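What's in entry_3.cif: mmCIF, C-alpha atoms
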data_model
loop_
_atom_site.label_atom_id
_atom_site.label_comp_id
_atom_site.auth_asym_id
_atom_site.auth_seq_id
_atom_site.Cartn_x
_atom_site.Cartn_y
_atom_site.Cartn_z
CA MET A 1 0.00 0.00 0.00
CA HIS A 2 1.24 3.38 -0.95
CA THR A 3 1.22 6.06 1.71
CA PRO A 4 1.00 9.65 0.52
CA GLU A 5 4.11 11.67 1.04
CA LYS A 6 3.91 14.35 3.61
CA LYS A 7 4.75 17.74 2.23
CA LYS A 8 7.44 19.59 4.03
CA PRO A 9 6.44 23.08 5.10
CA THR A 10 7.72 25.69 2.70
CA LEU A 11 10.05 28.11 4.38
CA ILE A 12 10.30 31.67 3.23
CA PRO A 13 13.81 32.29 1.96
CA PRO A 14 15.79 34.48 4.43
CA ARG A 15 16.30 37.22 1.83
CA MET A 16 12.57 37.46 1.16
CA SER A 17 11.70 37.57 4.87
CA LEU A 18 14.19 40.41 5.36
CA THR A 19 12.52 42.31 2.52
CA TRP A 20 9.08 41.76 4.04
CA LEU A 21 10.39 42.81 7.44
CA ALA A 22 11.76 46.02 5.93
CA VAL A 23 8.47 46.74 4.15
CA LEU A 24 6.52 46.13 7.36
CA LEU A 25 8.87 48.34 9.36
CA ALA A 26 8.56 51.15 6.81
CA ALA A 27 4.77 50.89 6.87
CA LEU A 28 4.78 51.08 10.65
CA VAL A 29 7.19 54.01 10.69
CA LEU A 30 5.03 55.96 8.27
CA THR A 31 1.63 55.19 9.80
CA VAL A 32 2.07 54.68 13.54
CA PRO A 33 3.64 58.11 14.14
CA ARG A 34 0.58 59.77 12.63
CA MET A 35 -1.59 58.12 15.25
CA ALA A 36 0.84 58.08 18.17
CA MET A 37 2.35 61.51 17.68
CA ALA A 38 -0.72 63.45 16.62
CA ALA A 39 -0.21 66.44 18.88
CA THR A 40 -2.68 69.17 19.70
CA ALA A 41 -2.09 72.73 18.55
CA ALA A 42 -1.16 73.72 22.13
CA GLU A 43 1.40 70.89 22.37
CA ILE A 44 2.95 71.81 19.02
CA ASP A 45 3.18 75.49 20.05
CA ARG A 46 4.77 74.55 23.38
CA ASP A 47 7.36 72.34 21.64
CA VAL A 48 8.09 75.02 19.01
CA ASN A 49 8.67 77.62 21.76
CA GLY A 50 11.13 75.32 23.53
CA ALA A 51 12.90 74.40 20.29
CA LEU A 52 13.36 78.03 19.27
CA GLN A 53 14.74 78.95 22.71
CA THR A 54 17.27 76.12 22.47
CA LEU A 55 18.19 76.97 18.88
CA TYR A 56 18.73 80.67 19.66
CA ARG A 57 20.80 79.84 22.75
CA THR A 58 23.06 77.37 20.91
CA THR A 59 23.24 79.01 17.47
CA PRO A 60 23.64 82.80 17.51
CA ALA A 61 23.32 82.97 13.70
CA ALA A 62 19.74 81.62 13.99
CA LYS A 63 18.83 84.29 16.53
CA LYS A 64 20.16 87.02 14.21
CA MET A 65 18.37 85.53 11.22
CA ALA A 66 15.07 85.43 13.13
CA LYS A 67 15.09 89.23 13.21
CA ILE A 68 14.97 89.48 9.41
CA ALA A 69 12.98 86.32 8.56
CA LYS A 70 9.54 86.73 7.02
CA GLY A 71 8.54 83.45 8.66
CA ILE A 72 10.03 80.49 10.54
CA LEU A 73 8.74 76.94 10.12
CA VAL A 74 9.84 74.83 13.10
CA PHE A 75 9.69 71.04 13.45
CA PRO A 76 10.81 70.44 17.05
CA ASP A 77 10.94 66.64 16.87
CA VAL A 78 11.27 64.61 13.68
CA VAL A 79 11.54 60.85 14.21
CA LYS A 80 13.43 58.80 11.62
CA ALA A 81 13.69 54.99 11.64
CA GLY A 82 14.57 52.35 9.15
CA LEU A 83 15.99 49.01 8.21
CA ILE A 84 16.93 49.25 4.52
CA ILE A 85 13.59 51.03 3.99
CA GLY A 86 12.89 53.90 6.34
CA GLY A 87 10.73 56.87 7.02
CA GLN A 88 10.56 60.04 9.05
CA TYR A 89 7.72 62.12 10.47
CA GLY A 90 7.29 65.24 12.54
CA GLU A 91 4.84 68.05 13.24
CA GLY A 92 5.53 71.74 13.57
CA ALA A 93 4.28 75.29 13.25
CA LEU A 94 4.88 78.31 11.04
CA ARG A 95 5.62 81.51 12.93
CA VAL A 96 5.15 84.89 11.27
CA GLY A 97 5.81 87.95 13.40
CA GLY A 98 6.22 85.69 16.44
CA LYS A 99 2.70 84.22 16.10
CA THR A 100 1.64 80.82 14.82
CA THR A 101 -0.11 81.13 11.46
CA GLY A 102 -0.34 77.45 10.51
CA TYR A 103 0.57 73.88 11.41
CA TYR A 104 2.49 71.46 9.21
CA ASN A 105 3.90 67.96 9.09
CA THR A 106 7.05 66.69 7.43
CA VAL A 107 7.11 63.18 5.96
CA ALA A 108 9.82 61.32 4.06
CA ALA A 109 10.62 57.79 2.96
CA SER A 110 14.03 56.46 2.05
CA TYR A 111 15.76 53.27 1.06
CA GLY A 112 19.33 52.07 1.03
CA LEU A 113 21.95 51.08 3.55
CA GLN A 114 20.36 52.22 6.83
CA ALA A 115 19.43 50.70 10.14
CA GLY A 116 18.38 52.30 13.40
CA ALA A 117 16.42 55.24 14.67
CA GLN A 118 17.05 58.88 15.49
CA SER A 119 15.23 62.07 16.25
CA PHE A 120 16.12 65.63 15.38
CA GLY A 121 14.53 69.01 14.93
CA TYR A 122 14.89 71.63 12.24
CA ALA A 123 13.79 75.15 11.52
CA LEU A 124 13.36 76.76 8.10
CA PHE A 125 13.91 80.53 8.01
CA PHE A 126 12.10 82.17 5.08
CA LEU A 127 13.96 85.34 4.17
CA ASP A 128 11.78 86.62 1.36
CA ASP A 129 8.07 86.90 0.68
CA ALA A 130 8.22 84.74 -2.46
CA SER A 131 9.56 81.72 -0.55
CA LEU A 132 6.98 82.11 2.20
CA GLN A 133 4.17 82.47 -0.37
CA TYR A 134 5.37 79.28 -2.06
CA LEU A 135 4.91 77.40 1.23
CA ASN A 136 1.48 78.95 1.86
CA LYS A 137 0.17 78.28 -1.66
CA SER A 138 1.58 74.81 -2.26
CA GLU A 139 -0.54 71.72 -1.65
CA GLY A 140 2.50 70.09 -0.13
CA TRP A 141 6.05 71.28 -0.62
CA GLU A 142 8.68 68.71 -1.51
CA LEU A 143 12.00 70.04 -0.27
CA GLY A 144 14.43 70.25 -3.14
CA VAL A 145 11.69 71.52 -5.47
CA GLY A 146 10.76 75.20 -5.32
CA PRO A 147 12.69 77.76 -3.27
CA SER A 148 16.36 77.01 -2.74
CA ILE A 149 17.41 75.89 0.72
CA VAL A 150 20.77 76.55 2.35
CA VAL A 151 21.59 74.05 5.10
CA VAL A 152 23.40 75.96 7.82
CA ASP A 153 26.11 73.87 9.44
CA LYS A 154 28.74 75.18 11.85
CA GLY A 155 30.97 76.39 9.01
CA VAL A 156 28.18 78.32 7.26
CA ALA A 157 26.92 79.68 10.59
CA ARG A 158 30.29 81.31 11.32
CA SER A 159 30.24 83.31 8.08
CA LEU A 160 26.50 83.95 7.96
CA SER A 161 25.21 87.42 8.73
CA THR A 162 22.05 89.38 8.10
CA THR A 163 23.84 91.20 5.27
CA THR A 164 25.00 88.02 3.47
CA ALA A 165 21.66 86.20 3.88
CA LYS A 166 19.12 88.10 1.81
CA SER A 167 16.74 85.63 0.19
CA GLY A 168 15.71 82.00 0.04
CA VAL A 169 15.28 79.54 2.88
CA TYR A 170 17.88 78.66 5.50
CA ALA A 171 17.68 75.36 7.43
CA PHE A 172 19.08 74.93 10.94
CA PHE A 173 19.19 71.51 12.66
CA PHE A 174 19.11 70.88 16.39
CA HIS A 175 18.47 68.17 19.04
CA GLN A 176 20.00 65.30 17.04
CA GLN A 177 19.81 62.04 19.01
CA GLY A 178 20.01 58.42 17.95
CA LEU A 179 22.01 55.84 16.14
CA MET A 180 21.60 56.70 12.45
CA ALA A 181 24.29 58.62 10.63
CA GLY A 182 23.37 61.92 9.01
CA ILE A 183 20.28 64.03 8.78
CA GLY A 184 18.53 64.75 5.52
CA ILE A 185 15.48 66.74 4.59
CA GLN A 186 15.76 66.78 0.79
CA GLY A 187 12.78 64.94 -0.60
CA SER A 188 10.75 65.50 2.57
CA LYS A 189 7.21 66.63 1.91
CA ILE A 190 5.78 69.41 4.05
CA SER A 191 1.99 69.63 4.19
CA LYS A 192 -0.48 71.77 6.10
CA ILE A 193 -2.38 70.02 8.90
CA THR A 194 -5.18 70.95 11.26
CA PRO A 195 -4.41 69.60 14.74
CA GLU A 196 -6.94 69.48 17.54
CA LYS A 197 -6.93 72.63 19.66
#

Write the structure described by the file as structure tokens, please.
Amino acid sequence: MHTPEKKKPTLIPPRMSLTWLAVLLAALVLTVPRMAMAATAAEIDRDVNGALQTLYRTTPAAKKMAKIAKGILVFPDVVKAGLIIGGQYGEGALRVGGKTTGYYNTVAASYGLQAGAQSFGYALFFLDDASLQYLNKSEGWELGVGPSIVVVDKGVARSLSTTTAKSGVYAFFFHQQGLMAGIGIQGSKISKITPEK
């Protein structure tokens, strides 16, 4: 009598399971923060106030630039995580004349050699009306498209003054923590949001 052969369970090849793990991680990174980090307007304003105080205390060039900026868009805490495929998310506020005029989020996805998590904050100083109008009129601004952005590192900050900085958008980073190398905002999409009050 012939007994039917038992089929061995099919194992997912290790390479494929790593890919699925990366896809799952990226999906979680891009969706969970929206639910978990959805801050109220008051919380965002509080965090923006604290971030600006820290930035001005640690980076004198930012404090000088604030005096001539038409607007400042601040993301106090952007969380980035990834394993081959990654994402980042944060919420912030636009300040014009020292008052909040709108709330925004920043979202980005990336792929490549990366593993880990980090958080950081950044502020965009709009030095001319055209750049600020671009933000206000766009249905989502992808950084790297539209107004030019100068990333202010320690070297640029030393030579930057209110007479050399006349137009465009200047980006300052602060509060970097975590295990991933480098911070990047190019390709990030900034969109207007309406948080709870």

Translate the PyMOL selection byres ((chain A and resi 172) around 10) into a concrete residue list for this structure, as a short mmCIF file (atom, residue, chain, number, x, y, z; two decimals) with C-alpha atoms, keeping the file's coordinate frame.
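Result written to out-v1.cif:
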data_model
loop_
_atom_site.label_atom_id
_atom_site.label_comp_id
_atom_site.auth_asym_id
_atom_site.auth_seq_id
_atom_site.Cartn_x
_atom_site.Cartn_y
_atom_site.Cartn_z
CA LEU A 55 18.19 76.97 18.88
CA THR A 59 23.24 79.01 17.47
CA ALA A 61 23.32 82.97 13.70
CA ALA A 62 19.74 81.62 13.99
CA VAL A 74 9.84 74.83 13.10
CA GLY A 121 14.53 69.01 14.93
CA TYR A 122 14.89 71.63 12.24
CA ALA A 123 13.79 75.15 11.52
CA LEU A 124 13.36 76.76 8.10
CA PHE A 125 13.91 80.53 8.01
CA VAL A 150 20.77 76.55 2.35
CA VAL A 151 21.59 74.05 5.10
CA VAL A 152 23.40 75.96 7.82
CA ASP A 153 26.11 73.87 9.44
CA LYS A 154 28.74 75.18 11.85
CA ALA A 157 26.92 79.68 10.59
CA TYR A 170 17.88 78.66 5.50
CA ALA A 171 17.68 75.36 7.43
CA PHE A 173 19.19 71.51 12.66
CA PHE A 174 19.11 70.88 16.39
#

Range 129-132 of chain A surroundings by all atoms listed in the file, 10 Å radius, close-in-sequence under 6 positions cut, as a ChimeraX atom specification: /A:69-73,94,96,146-149,167-169

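Take the PyMOL selection byres ((chain A and resi 187-194) around 6) and apply it to this file: it picks Tyr103, Tyr104, Asn105, Thr106, Val107, Ala108, Gly140, Trp141, Glu142, Leu143, Ile185, Gln186 and Pro195 of chain A.
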
Rounded to one decimal, what separation in Å do you get between CA of Asn136 in chain A and CA of Gln53 in chain A? 24.7 Å

Determine the residue set returned by the PyMOL selection byres ((chain A and resi 39) around 8) for the present structure, and present it as a PDB file with C-alpha atoms, in the frame of the given file.
ATOM      1  CA  MET A  37       2.350  61.510  17.680  1.00  0.00           C
ATOM      2  CA  ALA A  38      -0.720  63.450  16.620  1.00  0.00           C
ATOM      3  CA  THR A  40      -2.680  69.170  19.700  1.00  0.00           C
ATOM      4  CA  ALA A  41      -2.090  72.730  18.550  1.00  0.00           C
ATOM      5  CA  GLU A  43       1.400  70.890  22.370  1.00  0.00           C
ATOM      6  CA  ILE A  44       2.950  71.810  19.020  1.00  0.00           C
ATOM      7  CA  GLU A  91       4.840  68.050  13.240  1.00  0.00           C
ATOM      8  CA  PRO A 195      -4.410  69.600  14.740  1.00  0.00           C
ATOM      9  CA  GLU A 196      -6.940  69.480  17.540  1.00  0.00           C
TER      10      GLU A 196
END

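Picture a line from CA of Gly87 in chain A to CA of Glu139 in chain A; it runs 20.6 Å.
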
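Note that the spacing between CA of Gly86 in chain A and CA of Gln176 in chain A amounts to 17.2 Å.
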
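The nearest approach to Leu52 in chain A among the residues A:Val145, A:Ala66, A:Leu135, A:Val79, with only C-alpha atoms taken into account, belongs to A:Ala66.
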
Go through A:Phe120, A:Phe126, A:Tyr134, A:Phe75 one by one, measure the shortest atom-to-atom distance of each to Gln177 in chain A using all atoms listed in the file, and give the residue with the smallest value. A:Phe120
